[in-house]
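Structure file final-v4.txt (compact mmCIF, N, CA and C atoms) is printed below.
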# COMPACT_ATOMS: atom_id res chain seq x y z
N MET A 1 18.27 -21.06 -21.96
CA MET A 1 17.18 -20.11 -21.87
C MET A 1 17.45 -18.96 -22.84
N TYR A 2 16.40 -18.41 -23.38
CA TYR A 2 16.51 -17.32 -24.32
C TYR A 2 16.98 -16.04 -23.63
N PRO A 3 17.88 -15.27 -24.28
CA PRO A 3 18.38 -14.03 -23.66
C PRO A 3 17.27 -13.03 -23.34
N GLN A 4 16.23 -12.98 -24.18
CA GLN A 4 15.13 -12.04 -23.93
C GLN A 4 14.39 -12.42 -22.65
N VAL A 5 14.21 -13.70 -22.42
CA VAL A 5 13.52 -14.17 -21.22
C VAL A 5 14.37 -13.87 -19.99
N GLN A 6 15.67 -14.12 -20.08
CA GLN A 6 16.56 -13.83 -18.96
C GLN A 6 16.52 -12.36 -18.61
N LEU A 7 16.59 -11.51 -19.62
CA LEU A 7 16.56 -10.06 -19.40
C LEU A 7 15.23 -9.64 -18.77
N ALA A 8 14.14 -10.19 -19.25
CA ALA A 8 12.83 -9.86 -18.68
C ALA A 8 12.74 -10.29 -17.22
N LEU A 9 13.27 -11.46 -16.89
CA LEU A 9 13.26 -11.93 -15.50
C LEU A 9 14.12 -11.03 -14.62
N LEU A 10 15.29 -10.66 -15.09
CA LEU A 10 16.16 -9.78 -14.32
C LEU A 10 15.52 -8.42 -14.08
N ARG A 11 14.87 -7.88 -15.10
CA ARG A 11 14.18 -6.59 -14.94
C ARG A 11 13.04 -6.70 -13.94
N SER A 12 12.33 -7.81 -13.99
CA SER A 12 11.24 -8.03 -13.06
C SER A 12 11.76 -8.09 -11.62
N LEU A 13 12.85 -8.80 -11.41
CA LEU A 13 13.45 -8.88 -10.07
C LEU A 13 13.96 -7.52 -9.61
N GLU A 14 14.55 -6.77 -10.51
CA GLU A 14 15.04 -5.44 -10.16
C GLU A 14 13.89 -4.52 -9.76
N ASP A 15 12.80 -4.57 -10.52
CA ASP A 15 11.61 -3.77 -10.18
C ASP A 15 11.09 -4.14 -8.80
N ARG A 16 11.04 -5.44 -8.53
CA ARG A 16 10.55 -5.91 -7.24
C ARG A 16 11.45 -5.44 -6.10
N ASN A 17 12.75 -5.52 -6.29
CA ASN A 17 13.68 -5.06 -5.26
C ASN A 17 13.53 -3.57 -4.99
N ARG A 18 13.37 -2.79 -6.03
CA ARG A 18 13.20 -1.34 -5.85
C ARG A 18 11.89 -1.03 -5.14
N THR A 19 10.85 -1.74 -5.48
CA THR A 19 9.56 -1.54 -4.81
C THR A 19 9.67 -1.91 -3.34
N ASP A 20 10.29 -3.04 -3.04
CA ASP A 20 10.47 -3.45 -1.64
C ASP A 20 11.28 -2.43 -0.86
N GLU A 21 12.34 -1.93 -1.45
CA GLU A 21 13.16 -0.92 -0.78
C GLU A 21 12.35 0.34 -0.52
N LYS A 22 11.54 0.74 -1.47
CA LYS A 22 10.71 1.94 -1.33
C LYS A 22 9.74 1.79 -0.16
N ILE A 23 9.21 0.60 0.03
CA ILE A 23 8.21 0.38 1.07
C ILE A 23 8.82 0.13 2.44
N TYR A 24 9.80 -0.75 2.49
CA TYR A 24 10.28 -1.22 3.78
C TYR A 24 11.48 -0.45 4.33
N LEU A 25 12.13 0.34 3.53
CA LEU A 25 13.30 1.09 4.00
C LEU A 25 13.03 2.58 4.03
N MET A 26 11.92 2.97 4.61
CA MET A 26 11.55 4.38 4.64
C MET A 26 11.32 4.88 6.06
N THR A 27 12.16 4.45 6.97
CA THR A 27 11.96 4.79 8.38
C THR A 27 12.08 6.29 8.64
N GLY A 28 12.73 7.03 7.77
CA GLY A 28 12.87 8.46 7.97
C GLY A 28 11.66 9.27 7.55
N ARG A 29 10.70 8.62 6.91
CA ARG A 29 9.50 9.32 6.45
C ARG A 29 8.42 9.31 7.54
N SER A 30 7.45 10.17 7.38
CA SER A 30 6.36 10.26 8.36
C SER A 30 5.53 8.98 8.34
N PRO A 31 4.89 8.65 9.47
CA PRO A 31 4.00 7.48 9.49
C PRO A 31 2.90 7.56 8.44
N LEU A 32 2.38 8.75 8.19
CA LEU A 32 1.34 8.92 7.18
C LEU A 32 1.86 8.51 5.80
N ALA A 33 3.04 8.96 5.46
CA ALA A 33 3.64 8.61 4.16
C ALA A 33 3.94 7.12 4.08
N ARG A 34 4.42 6.55 5.17
CA ARG A 34 4.77 5.13 5.17
C ARG A 34 3.54 4.25 4.97
N VAL A 35 2.47 4.54 5.71
CA VAL A 35 1.24 3.75 5.58
C VAL A 35 0.62 3.96 4.21
N ALA A 36 0.59 5.19 3.73
CA ALA A 36 0.01 5.46 2.41
C ALA A 36 0.80 4.73 1.32
N THR A 37 2.12 4.69 1.44
CA THR A 37 2.94 3.99 0.45
C THR A 37 2.66 2.49 0.47
N LEU A 38 2.55 1.91 1.67
CA LEU A 38 2.25 0.49 1.78
C LEU A 38 0.87 0.19 1.19
N LEU A 39 -0.12 1.00 1.51
CA LEU A 39 -1.47 0.75 1.00
C LEU A 39 -1.54 0.93 -0.51
N THR A 40 -0.80 1.89 -1.04
CA THR A 40 -0.74 2.07 -2.49
C THR A 40 -0.14 0.82 -3.15
N HIS A 41 0.93 0.32 -2.57
CA HIS A 41 1.57 -0.89 -3.09
C HIS A 41 0.62 -2.09 -3.03
N LEU A 42 -0.05 -2.26 -1.91
CA LEU A 42 -0.98 -3.39 -1.77
C LEU A 42 -2.15 -3.27 -2.73
N ALA A 43 -2.64 -2.05 -2.92
CA ALA A 43 -3.74 -1.85 -3.88
C ALA A 43 -3.30 -2.23 -5.29
N ASP A 44 -2.06 -1.89 -5.63
CA ASP A 44 -1.54 -2.19 -6.96
C ASP A 44 -1.29 -3.69 -7.16
N THR A 45 -0.81 -4.36 -6.11
CA THR A 45 -0.39 -5.75 -6.28
C THR A 45 -1.41 -6.78 -5.84
N ALA A 46 -2.22 -6.46 -4.82
CA ALA A 46 -3.14 -7.46 -4.27
C ALA A 46 -4.58 -6.98 -4.26
N GLY A 47 -4.81 -5.78 -4.75
CA GLY A 47 -6.14 -5.21 -4.70
C GLY A 47 -7.07 -5.76 -5.76
N ILE A 48 -8.35 -5.68 -5.45
CA ILE A 48 -9.41 -6.14 -6.36
C ILE A 48 -10.31 -4.94 -6.63
N LYS A 49 -10.49 -4.63 -7.90
CA LYS A 49 -11.38 -3.50 -8.25
C LYS A 49 -12.80 -3.86 -7.85
N THR A 50 -13.48 -2.88 -7.26
CA THR A 50 -14.79 -3.10 -6.68
C THR A 50 -15.88 -2.54 -7.58
N PRO A 51 -16.64 -3.42 -8.27
CA PRO A 51 -17.76 -2.91 -9.08
C PRO A 51 -18.86 -2.39 -8.15
N PRO A 52 -19.65 -1.45 -8.50
CA PRO A 52 -19.71 -0.77 -9.78
C PRO A 52 -18.76 0.42 -9.86
N ALA A 53 -17.93 0.64 -8.87
CA ALA A 53 -16.99 1.76 -8.88
C ALA A 53 -15.58 1.23 -9.16
N PRO A 54 -15.16 1.21 -10.41
CA PRO A 54 -13.88 0.59 -10.75
C PRO A 54 -12.67 1.32 -10.19
N ASP A 55 -12.85 2.56 -9.72
CA ASP A 55 -11.71 3.27 -9.14
C ASP A 55 -11.50 2.88 -7.67
N ARG A 56 -12.41 2.13 -7.10
CA ARG A 56 -12.26 1.64 -5.72
C ARG A 56 -11.58 0.27 -5.75
N ILE A 57 -10.62 0.12 -4.85
CA ILE A 57 -9.84 -1.11 -4.83
C ILE A 57 -9.90 -1.71 -3.43
N THR A 58 -10.31 -2.98 -3.35
CA THR A 58 -10.45 -3.67 -2.08
C THR A 58 -9.21 -4.52 -1.80
N ILE A 59 -8.69 -4.39 -0.59
CA ILE A 59 -7.58 -5.22 -0.13
C ILE A 59 -8.14 -6.12 0.97
N ASN A 60 -8.26 -7.40 0.68
CA ASN A 60 -8.83 -8.34 1.64
C ASN A 60 -7.78 -8.92 2.57
N GLY A 61 -8.20 -9.23 3.80
CA GLY A 61 -7.34 -9.92 4.75
C GLY A 61 -6.37 -9.04 5.51
N LEU A 62 -6.39 -7.75 5.26
CA LEU A 62 -5.45 -6.84 5.90
C LEU A 62 -5.93 -6.45 7.29
N ARG A 63 -5.03 -6.57 8.28
CA ARG A 63 -5.33 -6.16 9.65
C ARG A 63 -4.39 -5.03 10.05
N GLN A 64 -4.82 -4.24 11.02
CA GLN A 64 -3.95 -3.18 11.51
C GLN A 64 -2.65 -3.75 12.06
N SER A 65 -2.73 -4.91 12.68
CA SER A 65 -1.52 -5.53 13.23
C SER A 65 -0.54 -5.90 12.12
N ASP A 66 -1.05 -6.22 10.93
CA ASP A 66 -0.16 -6.50 9.79
C ASP A 66 0.62 -5.24 9.42
N ILE A 67 -0.07 -4.11 9.42
CA ILE A 67 0.58 -2.85 9.09
C ILE A 67 1.61 -2.48 10.15
N THR A 68 1.25 -2.64 11.42
CA THR A 68 2.18 -2.28 12.50
C THR A 68 3.46 -3.12 12.42
N ARG A 69 3.31 -4.41 12.19
CA ARG A 69 4.50 -5.29 12.08
C ARG A 69 5.32 -4.98 10.85
N THR A 70 4.66 -4.80 9.73
CA THR A 70 5.35 -4.57 8.47
C THR A 70 6.17 -3.28 8.51
N LEU A 71 5.58 -2.22 9.03
CA LEU A 71 6.25 -0.92 9.03
C LEU A 71 6.93 -0.59 10.35
N GLN A 72 6.82 -1.50 11.33
CA GLN A 72 7.41 -1.30 12.65
C GLN A 72 6.95 0.02 13.27
N LEU A 73 5.64 0.19 13.28
CA LEU A 73 5.00 1.35 13.89
C LEU A 73 4.15 0.88 15.05
N GLY A 74 3.86 1.78 15.96
CA GLY A 74 3.01 1.45 17.09
C GLY A 74 1.55 1.32 16.68
N LYS A 75 0.80 0.57 17.48
CA LYS A 75 -0.62 0.35 17.18
C LYS A 75 -1.39 1.66 17.13
N SER A 76 -1.16 2.52 18.11
CA SER A 76 -1.90 3.79 18.14
C SER A 76 -1.50 4.69 16.98
N THR A 77 -0.25 4.62 16.55
CA THR A 77 0.19 5.41 15.40
C THR A 77 -0.54 4.97 14.15
N VAL A 78 -0.64 3.67 13.94
CA VAL A 78 -1.34 3.15 12.77
C VAL A 78 -2.82 3.49 12.85
N GLU A 79 -3.42 3.36 14.02
CA GLU A 79 -4.83 3.73 14.18
C GLU A 79 -5.05 5.19 13.82
N ASN A 80 -4.16 6.07 14.28
CA ASN A 80 -4.29 7.50 13.99
C ASN A 80 -4.12 7.79 12.50
N VAL A 81 -3.16 7.15 11.88
CA VAL A 81 -2.93 7.36 10.44
C VAL A 81 -4.13 6.86 9.63
N LEU A 82 -4.65 5.68 9.96
CA LEU A 82 -5.81 5.16 9.24
C LEU A 82 -7.02 6.07 9.43
N HIS A 83 -7.17 6.61 10.63
CA HIS A 83 -8.25 7.56 10.89
C HIS A 83 -8.10 8.79 10.00
N ARG A 84 -6.89 9.31 9.92
CA ARG A 84 -6.65 10.48 9.07
C ARG A 84 -6.93 10.17 7.61
N LEU A 85 -6.49 9.01 7.14
CA LEU A 85 -6.73 8.63 5.75
C LEU A 85 -8.22 8.44 5.47
N ARG A 86 -8.94 7.96 6.49
CA ARG A 86 -10.37 7.70 6.34
C ARG A 86 -11.18 9.00 6.45
N VAL A 87 -10.92 9.81 7.46
CA VAL A 87 -11.76 10.98 7.75
C VAL A 87 -11.25 12.25 7.08
N ASP A 88 -9.98 12.57 7.29
CA ASP A 88 -9.45 13.83 6.77
C ASP A 88 -9.26 13.81 5.25
N HIS A 89 -8.75 12.71 4.72
CA HIS A 89 -8.44 12.64 3.29
C HIS A 89 -9.49 11.88 2.48
N GLU A 90 -10.36 11.14 3.14
CA GLU A 90 -11.38 10.32 2.48
C GLU A 90 -10.77 9.43 1.40
N ALA A 91 -9.57 8.90 1.68
CA ALA A 91 -8.86 8.07 0.71
C ALA A 91 -9.15 6.59 0.90
N ILE A 92 -9.56 6.20 2.11
CA ILE A 92 -9.81 4.78 2.39
C ILE A 92 -11.10 4.62 3.19
N ASP A 93 -11.56 3.40 3.22
CA ASP A 93 -12.64 2.98 4.11
C ASP A 93 -12.21 1.62 4.64
N SER A 94 -12.32 1.42 5.93
CA SER A 94 -11.87 0.14 6.48
C SER A 94 -13.03 -0.60 7.10
N ARG A 95 -12.93 -1.91 6.95
CA ARG A 95 -13.90 -2.83 7.52
C ARG A 95 -13.13 -3.95 8.17
N TYR A 96 -13.82 -4.93 8.70
CA TYR A 96 -13.16 -6.06 9.35
C TYR A 96 -12.31 -6.81 8.34
N ARG A 97 -10.99 -6.81 8.55
CA ARG A 97 -10.02 -7.48 7.68
C ARG A 97 -10.20 -7.13 6.21
N GLN A 98 -10.56 -5.90 5.98
CA GLN A 98 -10.73 -5.44 4.62
C GLN A 98 -10.52 -3.93 4.60
N LEU A 99 -9.83 -3.48 3.58
CA LEU A 99 -9.62 -2.06 3.42
C LEU A 99 -9.98 -1.71 1.99
N VAL A 100 -10.74 -0.65 1.82
CA VAL A 100 -11.14 -0.21 0.48
C VAL A 100 -10.45 1.12 0.21
N VAL A 101 -9.67 1.14 -0.84
CA VAL A 101 -9.05 2.38 -1.28
C VAL A 101 -10.09 3.11 -2.11
N MET A 102 -10.62 4.18 -1.54
CA MET A 102 -11.69 4.94 -2.18
C MET A 102 -11.15 5.89 -3.26
N ASP A 103 -9.95 6.41 -3.01
CA ASP A 103 -9.35 7.37 -3.93
C ASP A 103 -7.87 7.04 -4.10
N PRO A 104 -7.54 6.14 -5.05
CA PRO A 104 -6.14 5.73 -5.24
C PRO A 104 -5.20 6.88 -5.56
N ARG A 105 -5.67 7.88 -6.32
CA ARG A 105 -4.81 9.01 -6.66
C ARG A 105 -4.47 9.84 -5.43
N ALA A 106 -5.43 10.04 -4.55
CA ALA A 106 -5.18 10.80 -3.32
C ALA A 106 -4.19 10.04 -2.44
N LEU A 107 -4.36 8.73 -2.35
CA LEU A 107 -3.46 7.92 -1.53
C LEU A 107 -2.03 7.97 -2.10
N GLU A 108 -1.91 7.90 -3.40
CA GLU A 108 -0.60 7.98 -4.03
C GLU A 108 0.03 9.35 -3.81
N HIS A 109 -0.77 10.39 -3.90
CA HIS A 109 -0.29 11.75 -3.65
C HIS A 109 0.22 11.90 -2.21
N ILE A 110 -0.53 11.38 -1.28
CA ILE A 110 -0.13 11.42 0.14
C ILE A 110 1.18 10.68 0.33
N SER A 111 1.32 9.52 -0.32
CA SER A 111 2.53 8.73 -0.14
C SER A 111 3.77 9.44 -0.68
N SER A 112 3.60 10.32 -1.64
CA SER A 112 4.76 11.00 -2.21
C SER A 112 5.02 12.37 -1.59
N THR A 113 4.05 12.94 -0.89
CA THR A 113 4.23 14.29 -0.37
C THR A 113 4.23 14.41 1.14
N ALA A 114 3.71 13.41 1.85
CA ALA A 114 3.60 13.53 3.32
C ALA A 114 4.93 13.32 3.99
Output the file's structure in the form of structure tokens.
Amino acid sequence: MYPQVQLALLRSLEDRNRTDEKIYLMTGRSPLARVATLLTHLADTAGIKTPPAPDRITINGLRQSDITRTLQLGKSTVENVLHRLRVDHEAIDSRYRQLVVMDPRALEHISSTA
């Protein structure tokens, strides 16, 4: 295998490991920051830009129970955080098994400051 390809693969794996650690090993952070970080990551990796508003990103198939299991948070905690992100920050809109990131910059800001 070419050395450049090997190096690119190793860098890709390193980036992935750092991203995973950032998301899943943040038990000391607030629930708001944890959920915002997860949603930011999902928007970046699995999100679909929603025309005609290209700044809106749709995450399909996501359930609250997925968030509770992934971040090991209680159901009511996740419900409260999603409510805050939806109403107080206007960063997301949620539908049945679908979440729309209305303001990715606000969500990213929350994930780094909350």
*Between A:Val100, A:Arg11, A:Val5, A:Glu108, which has the minimum distance to A:Ile59 (counting all atoms listed in the file)?*
A:Val100
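Distances here use only C-alpha atoms; by that measure, the residue among A:Ser94, A:Thr70, A:Thr77, A:Gln6 closest to A:Met26 is A:Thr70.
Distance check against A:Gly47 using only C-alpha atoms: of A:Val101, A:Leu73, A:Leu7, A:Ser65, the minimum falls on A:Val101.
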*DSSP on the backbone: what in stretch 58-93 of chain A comes out alpha helix (DSSP H), as a PyMOL selection string?*
chain A and resi 64-71+75-83
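Between atom N of A:Ser76 and atom CA of A:Ala33 the interatomic distance comes to 16.0 Å.
Residue nearest A:Leu42 within the list A:Ile57, A:His83, A:Arg63, A:Leu9: A:Ile57 [criterion: smallest interatomic distance, all atoms listed in the file].
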*What are the DSSP strand (DSSP E or B) residues of chain A, as number ranges by chain?*
A: 48-50, 53-60, 92-95, 98-101
Only N, CA and C atoms, please: the residues just picked out, written as a PDB file, in the coordinates of the input.
ATOM      1  N   ILE A  48      -8.350  -5.680  -5.450  1.00  0.00           N
ATOM      2  CA  ILE A  48      -9.410  -6.140  -6.360  1.00  0.00           C
ATOM      3  C   ILE A  48     -10.310  -4.940  -6.630  1.00  0.00           C
ATOM      4  N   LYS A  49     -10.490  -4.630  -7.900  1.00  0.00           N
ATOM      5  CA  LYS A  49     -11.380  -3.500  -8.250  1.00  0.00           C
ATOM      6  C   LYS A  49     -12.800  -3.860  -7.850  1.00  0.00           C
ATOM      7  N   THR A  50     -13.480  -2.880  -7.260  1.00  0.00           N
ATOM      8  CA  THR A  50     -14.790  -3.100  -6.680  1.00  0.00           C
ATOM      9  C   THR A  50     -15.880  -2.540  -7.580  1.00  0.00           C
ATOM     10  N   ALA A  53     -17.930   0.640  -8.870  1.00  0.00           N
ATOM     11  CA  ALA A  53     -16.990   1.760  -8.880  1.00  0.00           C
ATOM     12  C   ALA A  53     -15.580   1.230  -9.160  1.00  0.00           C
ATOM     13  N   PRO A  54     -15.160   1.210 -10.410  1.00  0.00           N
ATOM     14  CA  PRO A  54     -13.880   0.590 -10.750  1.00  0.00           C
ATOM     15  C   PRO A  54     -12.670   1.320 -10.190  1.00  0.00           C
ATOM     16  N   ASP A  55     -12.850   2.560  -9.720  1.00  0.00           N
ATOM     17  CA  ASP A  55     -11.710   3.270  -9.140  1.00  0.00           C
ATOM     18  C   ASP A  55     -11.500   2.880  -7.670  1.00  0.00           C
ATOM     19  N   ARG A  56     -12.410   2.130  -7.100  1.00  0.00           N
ATOM     20  CA  ARG A  56     -12.260   1.640  -5.720  1.00  0.00           C
ATOM     21  C   ARG A  56     -11.580   0.270  -5.750  1.00  0.00           C
ATOM     22  N   ILE A  57     -10.620   0.120  -4.850  1.00  0.00           N
ATOM     23  CA  ILE A  57      -9.840  -1.110  -4.830  1.00  0.00           C
ATOM     24  C   ILE A  57      -9.900  -1.710  -3.430  1.00  0.00           C
ATOM     25  N   THR A  58     -10.310  -2.980  -3.350  1.00  0.00           N
ATOM     26  CA  THR A  58     -10.450  -3.670  -2.080  1.00  0.00           C
ATOM     27  C   THR A  58      -9.210  -4.520  -1.800  1.00  0.00           C
ATOM     28  N   ILE A  59      -8.690  -4.390  -0.590  1.00  0.00           N
ATOM     29  CA  ILE A  59      -7.580  -5.220  -0.130  1.00  0.00           C
ATOM     30  C   ILE A  59      -8.140  -6.120   0.970  1.00  0.00           C
ATOM     31  N   ASN A  60      -8.260  -7.400   0.680  1.00  0.00           N
ATOM     32  CA  ASN A  60      -8.830  -8.340   1.640  1.00  0.00           C
ATOM     33  C   ASN A  60      -7.780  -8.920   2.570  1.00  0.00           C
ATOM     34  N   ILE A  92      -9.560   6.200   2.110  1.00  0.00           N
ATOM     35  CA  ILE A  92      -9.810   4.780   2.390  1.00  0.00           C
ATOM     36  C   ILE A  92     -11.100   4.620   3.190  1.00  0.00           C
ATOM     37  N   ASP A  93     -11.560   3.400   3.220  1.00  0.00           N
ATOM     38  CA  ASP A  93     -12.640   2.980   4.110  1.00  0.00           C
ATOM     39  C   ASP A  93     -12.210   1.620   4.640  1.00  0.00           C
ATOM     40  N   SER A  94     -12.320   1.420   5.930  1.00  0.00           N
ATOM     41  CA  SER A  94     -11.870   0.140   6.480  1.00  0.00           C
ATOM     42  C   SER A  94     -13.030  -0.600   7.100  1.00  0.00           C
ATOM     43  N   ARG A  95     -12.930  -1.910   6.950  1.00  0.00           N
ATOM     44  CA  ARG A  95     -13.900  -2.830   7.520  1.00  0.00           C
ATOM     45  C   ARG A  95     -13.130  -3.950   8.170  1.00  0.00           C
ATOM     46  N   GLN A  98     -10.560  -5.900   5.980  1.00  0.00           N
ATOM     47  CA  GLN A  98     -10.730  -5.440   4.620  1.00  0.00           C
ATOM     48  C   GLN A  98     -10.520  -3.930   4.600  1.00  0.00           C
ATOM     49  N   LEU A  99      -9.830  -3.480   3.580  1.00  0.00           N
ATOM     50  CA  LEU A  99      -9.620  -2.060   3.420  1.00  0.00           C
ATOM     51  C   LEU A  99      -9.980  -1.710   1.990  1.00  0.00           C
ATOM     52  N   VAL A 100     -10.740  -0.650   1.820  1.00  0.00           N
ATOM     53  CA  VAL A 100     -11.140  -0.210   0.480  1.00  0.00           C
ATOM     54  C   VAL A 100     -10.450   1.120   0.210  1.00  0.00           C
ATOM     55  N   VAL A 101      -9.670   1.140  -0.840  1.00  0.00           N
ATOM     56  CA  VAL A 101      -9.050   2.380  -1.280  1.00  0.00           C
ATOM     57  C   VAL A 101     -10.090   3.110  -2.110  1.00  0.00           C
TER      58      VAL A 101
END
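Atom N of A:Thr58 to atom N of A:Ala43 spans 7.7 Å [interatomic distance, one decimal].
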*Contacts of A:Arg97 at 5 Å (all atoms listed in the file; same-chain gap of 5+ positions) as a ChimeraX atom specification*: /A:60-62
*Pick from A:Ala91, A:Ser112, A:Leu13, A:Tyr2: nearest to A:Asp55, with only C-alpha atoms counted?*
A:Ala91
*What does the distance between atom CA of A:His89 and atom CA of A:Met102 come to in Å, to one decimal place?*
10.0 Å
Edge lengths and centre in Å to one decimal, as lines of an AutoDock Vina configuration file, of the axis-aligned box that encloses all listed atoms of stretch 23-38 of chain A with 5 Å added on every side?
center_x = 6.7
center_y = 4.5
center_z = 4.8
size_x = 23.3
size_y = 21.5
size_z = 19.5
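Residue nearest A:Thr40, chosen from A:Thr19, A:Thr113, A:Leu71, A:Pro104 and counting only N, CA and C atoms: A:Pro104.
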*Within 9 Å of A:Leu82 using only C-alpha atoms, minus same-chain residues under 5 positions, as a PyMOL selection string*: chain A and resi 32+35-36+64+77+87+92-94
Same residues, N, CA and C atoms, saved as a PDB file, keeping the file's coordinate frame:
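Listing of part.pdb after writing:
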ATOM      1  N   LEU A  32       2.380   8.750   8.190  1.00  0.00           N
ATOM      2  CA  LEU A  32       1.340   8.920   7.180  1.00  0.00           C
ATOM      3  C   LEU A  32       1.860   8.510   5.800  1.00  0.00           C
ATOM      4  N   VAL A  35       2.470   4.540   5.710  1.00  0.00           N
ATOM      5  CA  VAL A  35       1.240   3.750   5.580  1.00  0.00           C
ATOM      6  C   VAL A  35       0.620   3.960   4.210  1.00  0.00           C
ATOM      7  N   ALA A  36       0.590   5.190   3.730  1.00  0.00           N
ATOM      8  CA  ALA A  36       0.010   5.460   2.410  1.00  0.00           C
ATOM      9  C   ALA A  36       0.800   4.730   1.320  1.00  0.00           C
ATOM     10  N   GLN A  64      -4.820  -4.240  11.020  1.00  0.00           N
ATOM     11  CA  GLN A  64      -3.950  -3.180  11.510  1.00  0.00           C
ATOM     12  C   GLN A  64      -2.650  -3.750  12.060  1.00  0.00           C
ATOM     13  N   THR A  77      -0.250   4.620  16.550  1.00  0.00           N
ATOM     14  CA  THR A  77       0.190   5.410  15.400  1.00  0.00           C
ATOM     15  C   THR A  77      -0.540   4.970  14.150  1.00  0.00           C
ATOM     16  N   VAL A  87     -10.920   9.810   7.460  1.00  0.00           N
ATOM     17  CA  VAL A  87     -11.760  10.980   7.750  1.00  0.00           C
ATOM     18  C   VAL A  87     -11.250  12.250   7.080  1.00  0.00           C
ATOM     19  N   ILE A  92      -9.560   6.200   2.110  1.00  0.00           N
ATOM     20  CA  ILE A  92      -9.810   4.780   2.390  1.00  0.00           C
ATOM     21  C   ILE A  92     -11.100   4.620   3.190  1.00  0.00           C
ATOM     22  N   ASP A  93     -11.560   3.400   3.220  1.00  0.00           N
ATOM     23  CA  ASP A  93     -12.640   2.980   4.110  1.00  0.00           C
ATOM     24  C   ASP A  93     -12.210   1.620   4.640  1.00  0.00           C
ATOM     25  N   SER A  94     -12.320   1.420   5.930  1.00  0.00           N
ATOM     26  CA  SER A  94     -11.870   0.140   6.480  1.00  0.00           C
ATOM     27  C   SER A  94     -13.030  -0.600   7.100  1.00  0.00           C
TER      28      SER A  94
END
Could stretch 91-102 of chain A be completed with N, CA, C and O atoms and written as a short mmCIF file (atom, residue, chain, number, x, y, z; two decimals), keeping the file's coordinate frame, please?
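File produced: rebuild16.cif:
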data_model
loop_
_atom_site.label_atom_id
_atom_site.label_comp_id
_atom_site.auth_asym_id
_atom_site.auth_seq_id
_atom_site.Cartn_x
_atom_site.Cartn_y
_atom_site.Cartn_z
N ALA A 91 -9.57 8.90 1.68
CA ALA A 91 -8.86 8.07 0.71
C ALA A 91 -9.15 6.59 0.90
O ALA A 91 -9.00 5.81 -0.04
N ILE A 92 -9.56 6.20 2.11
CA ILE A 92 -9.81 4.78 2.39
C ILE A 92 -11.10 4.62 3.19
O ILE A 92 -11.62 5.57 3.76
N ASP A 93 -11.56 3.40 3.22
CA ASP A 93 -12.64 2.98 4.11
C ASP A 93 -12.21 1.62 4.64
O ASP A 93 -11.73 0.78 3.87
N SER A 94 -12.32 1.42 5.93
CA SER A 94 -11.87 0.14 6.48
C SER A 94 -13.03 -0.60 7.10
O SER A 94 -13.95 -0.02 7.66
N ARG A 95 -12.93 -1.91 6.95
CA ARG A 95 -13.90 -2.83 7.52
C ARG A 95 -13.13 -3.95 8.17
O ARG A 95 -11.90 -3.95 8.17
N TYR A 96 -13.82 -4.93 8.70
CA TYR A 96 -13.16 -6.06 9.35
C TYR A 96 -12.31 -6.81 8.34
O TYR A 96 -12.83 -7.36 7.37
N ARG A 97 -10.99 -6.81 8.55
CA ARG A 97 -10.02 -7.48 7.68
C ARG A 97 -10.20 -7.13 6.21
O ARG A 97 -9.99 -7.95 5.32
N GLN A 98 -10.56 -5.90 5.98
CA GLN A 98 -10.73 -5.44 4.62
C GLN A 98 -10.52 -3.93 4.60
O GLN A 98 -10.96 -3.21 5.48
N LEU A 99 -9.83 -3.48 3.58
CA LEU A 99 -9.62 -2.06 3.42
C LEU A 99 -9.98 -1.71 1.99
O LEU A 99 -9.60 -2.42 1.05
N VAL A 100 -10.74 -0.65 1.82
CA VAL A 100 -11.14 -0.21 0.48
C VAL A 100 -10.45 1.12 0.21
O VAL A 100 -10.61 2.08 0.97
N VAL A 101 -9.67 1.14 -0.84
CA VAL A 101 -9.05 2.38 -1.28
C VAL A 101 -10.09 3.11 -2.11
O VAL A 101 -10.43 2.70 -3.21
N MET A 102 -10.62 4.18 -1.54
CA MET A 102 -11.69 4.94 -2.18
C MET A 102 -11.15 5.89 -3.26
O MET A 102 -11.81 6.15 -4.24
#
